[in-house]
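*Asks:* My questions will all concern the structure given below.
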Amino acid sequence: MTAFLLVLALIVALGFIYALVLRPWLKKQAWAQRFFAWIDPLEAALFKKSETILFGRLLWVGGLFVTFYDGAATFIHSLDITPLTTRIFDWLQVPPDMRNLSISAFVGILGLLINRLRKTTTKPLELVAVPDAKVTPAAAAAIAQADAAKDQAVQVVQSEVKP
């Protein structure tokens, strides 16, 4: 059971790293475009090519795991992941009296990351989910026109509304 939990935690952690750091960086690299052409159908099916939705789904899976564990712990009294969490906190060198605060801080950081993702969201989901290979010239022109209109609207609002 401990190995399964560690593998699950590793998969979720790698998903977060991919969503928050690796994917945005790779999107800017010319050499990675073949990778995205290959992985586009998988990303579209799993999270509609949106880092925000990927992040939300990773939280959703984590919530399902916690719910499953809490439900199973009610009936299986020997089910205890305290040794696992103790090992993780020991590995991270978190003092025992700070562990509850660490969990609260982690949830707070997740909230900040979600806010960052929302702020960097620039296109509607329907436009993000379309594979780059299927964007027609007319659609590309419409997307560019919408981006220009959005940028202009942001500039007008920022110049008129001063804090």
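If you're wondering about the labels, chains in the structure tokens are A, B, ... by order shown, residues count from 1 in each chain, ligands from 1 in order shown.
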Skip Leu10 (chain A) itself and residues of its chain fewer than 5 positions away, then list as an MDAnalysis selection string all residues within 12 Å of it, counting only C-alpha atoms.
*Replies:* chainID A and resid 3:5 15:17 58 62 88
*Asks:* Neighbours of Leu46 (chain A) within 12 Å (only C-alpha atoms; same-chain residues fewer than 5 positions away dropped), as a PyMOL selection string?
*Replies:* chain A and resi 15+39-41+51+53-58+129
*Asks:* Convert the current residue selection to file output with N, CA and C atoms, as an mmCIF file, in the first residue's frame.
*Replies:*
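What follows is the written file selection_27.cif:
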data_model
loop_
_atom_site.group_PDB
_atom_site.id
_atom_site.type_symbol
_atom_site.label_atom_id
_atom_site.label_comp_id
_atom_site.auth_asym_id
_atom_site.auth_seq_id
_atom_site.Cartn_x
_atom_site.Cartn_y
_atom_site.Cartn_z
ATOM 1 N N GLY A 15 2.670 15.687 -12.478
ATOM 2 C CA GLY A 15 1.614 16.406 -13.191
ATOM 3 C C GLY A 15 1.623 17.885 -12.873
ATOM 4 N N ILE A 39 1.370 14.788 -28.801
ATOM 5 C CA ILE A 39 0.627 14.658 -27.549
ATOM 6 C C ILE A 39 -0.680 15.455 -27.547
ATOM 7 N N ASP A 40 -0.909 16.278 -28.570
ATOM 8 C CA ASP A 40 -2.134 17.094 -28.646
ATOM 9 C C ASP A 40 -3.420 16.291 -28.428
ATOM 10 N N PRO A 41 -3.617 15.160 -29.103
ATOM 11 C CA PRO A 41 -4.873 14.427 -28.879
ATOM 12 C C PRO A 41 -5.038 13.950 -27.430
ATOM 13 N N GLU A 51 -3.704 24.328 -18.872
ATOM 14 C CA GLU A 51 -2.984 24.077 -17.625
ATOM 15 C C GLU A 51 -3.906 24.222 -16.425
ATOM 16 N N ILE A 53 -7.159 23.571 -16.238
ATOM 17 C CA ILE A 53 -7.992 22.375 -16.112
ATOM 18 C C ILE A 53 -7.141 21.194 -15.657
ATOM 19 N N LEU A 54 -5.906 21.070 -16.152
ATOM 20 C CA LEU A 54 -5.017 19.998 -15.700
ATOM 21 C C LEU A 54 -4.788 20.119 -14.192
ATOM 22 N N PHE A 55 -4.500 21.307 -13.722
ATOM 23 C CA PHE A 55 -4.277 21.537 -12.301
ATOM 24 C C PHE A 55 -5.529 21.177 -11.502
ATOM 25 N N GLY A 56 -6.688 21.626 -11.987
ATOM 26 C CA GLY A 56 -7.950 21.303 -11.313
ATOM 27 C C GLY A 56 -8.217 19.807 -11.281
ATOM 28 N N ARG A 57 -7.917 19.129 -12.352
ATOM 29 C CA ARG A 57 -8.152 17.680 -12.376
ATOM 30 C C ARG A 57 -7.191 16.940 -11.464
ATOM 31 N N LEU A 58 -5.955 17.428 -11.342
ATOM 32 C CA LEU A 58 -5.029 16.813 -10.396
ATOM 33 C C LEU A 58 -5.533 16.986 -8.961
ATOM 34 N N ALA A 129 -8.281 24.242 -26.981
ATOM 35 C CA ALA A 129 -8.433 22.805 -27.206
ATOM 36 C C ALA A 129 -8.254 22.391 -28.661
#
*Asks:* Enumerate, as a ChimeraX atom specification, the complete set of residues in region 8-158 of chain A that a backbone-based DSSP assignment places in helix (DSSP H, G or I).
*Replies:* /A:8-27,30-47,51-75,82-91,96-120,125-128,132-134,137-158
*Asks:* Report, in Å to a single decimal, how far apart CA of Asn115 (chain A) and CA of Val156 (chain A) are.
*Replies:*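 One can read the CA of Val156 (chain A) to CA of Asn115 (chain A) distance as 23.1 Å.
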*Asks:* Using only C-alpha atoms, pick whichever of A:Asp80, A:Asp90, A:Asp147, A:Glu126 has the shortest atom-to-atom distance to Lys48 (chain A).
*Replies:*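 Using only C-alpha atoms, the shortest distance to Lys48 (chain A) belongs to A:Glu126.
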*Asks:* Report, in Å to a single decimal, how far apart CA of Lys150 (chain A) and CA of Thr122 (chain A) are.
*Replies:*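 Interatomic distance here is 8.9 Å.
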*Asks:* Nearest to Val21 (chain A) among A:Leu127, A:Leu113, A:Ala45, A:Val135, with distances taken over only C-alpha atoms: which residue is it?
*Replies:*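 Selected residue with least distance to Val21 (chain A): A:Leu113.
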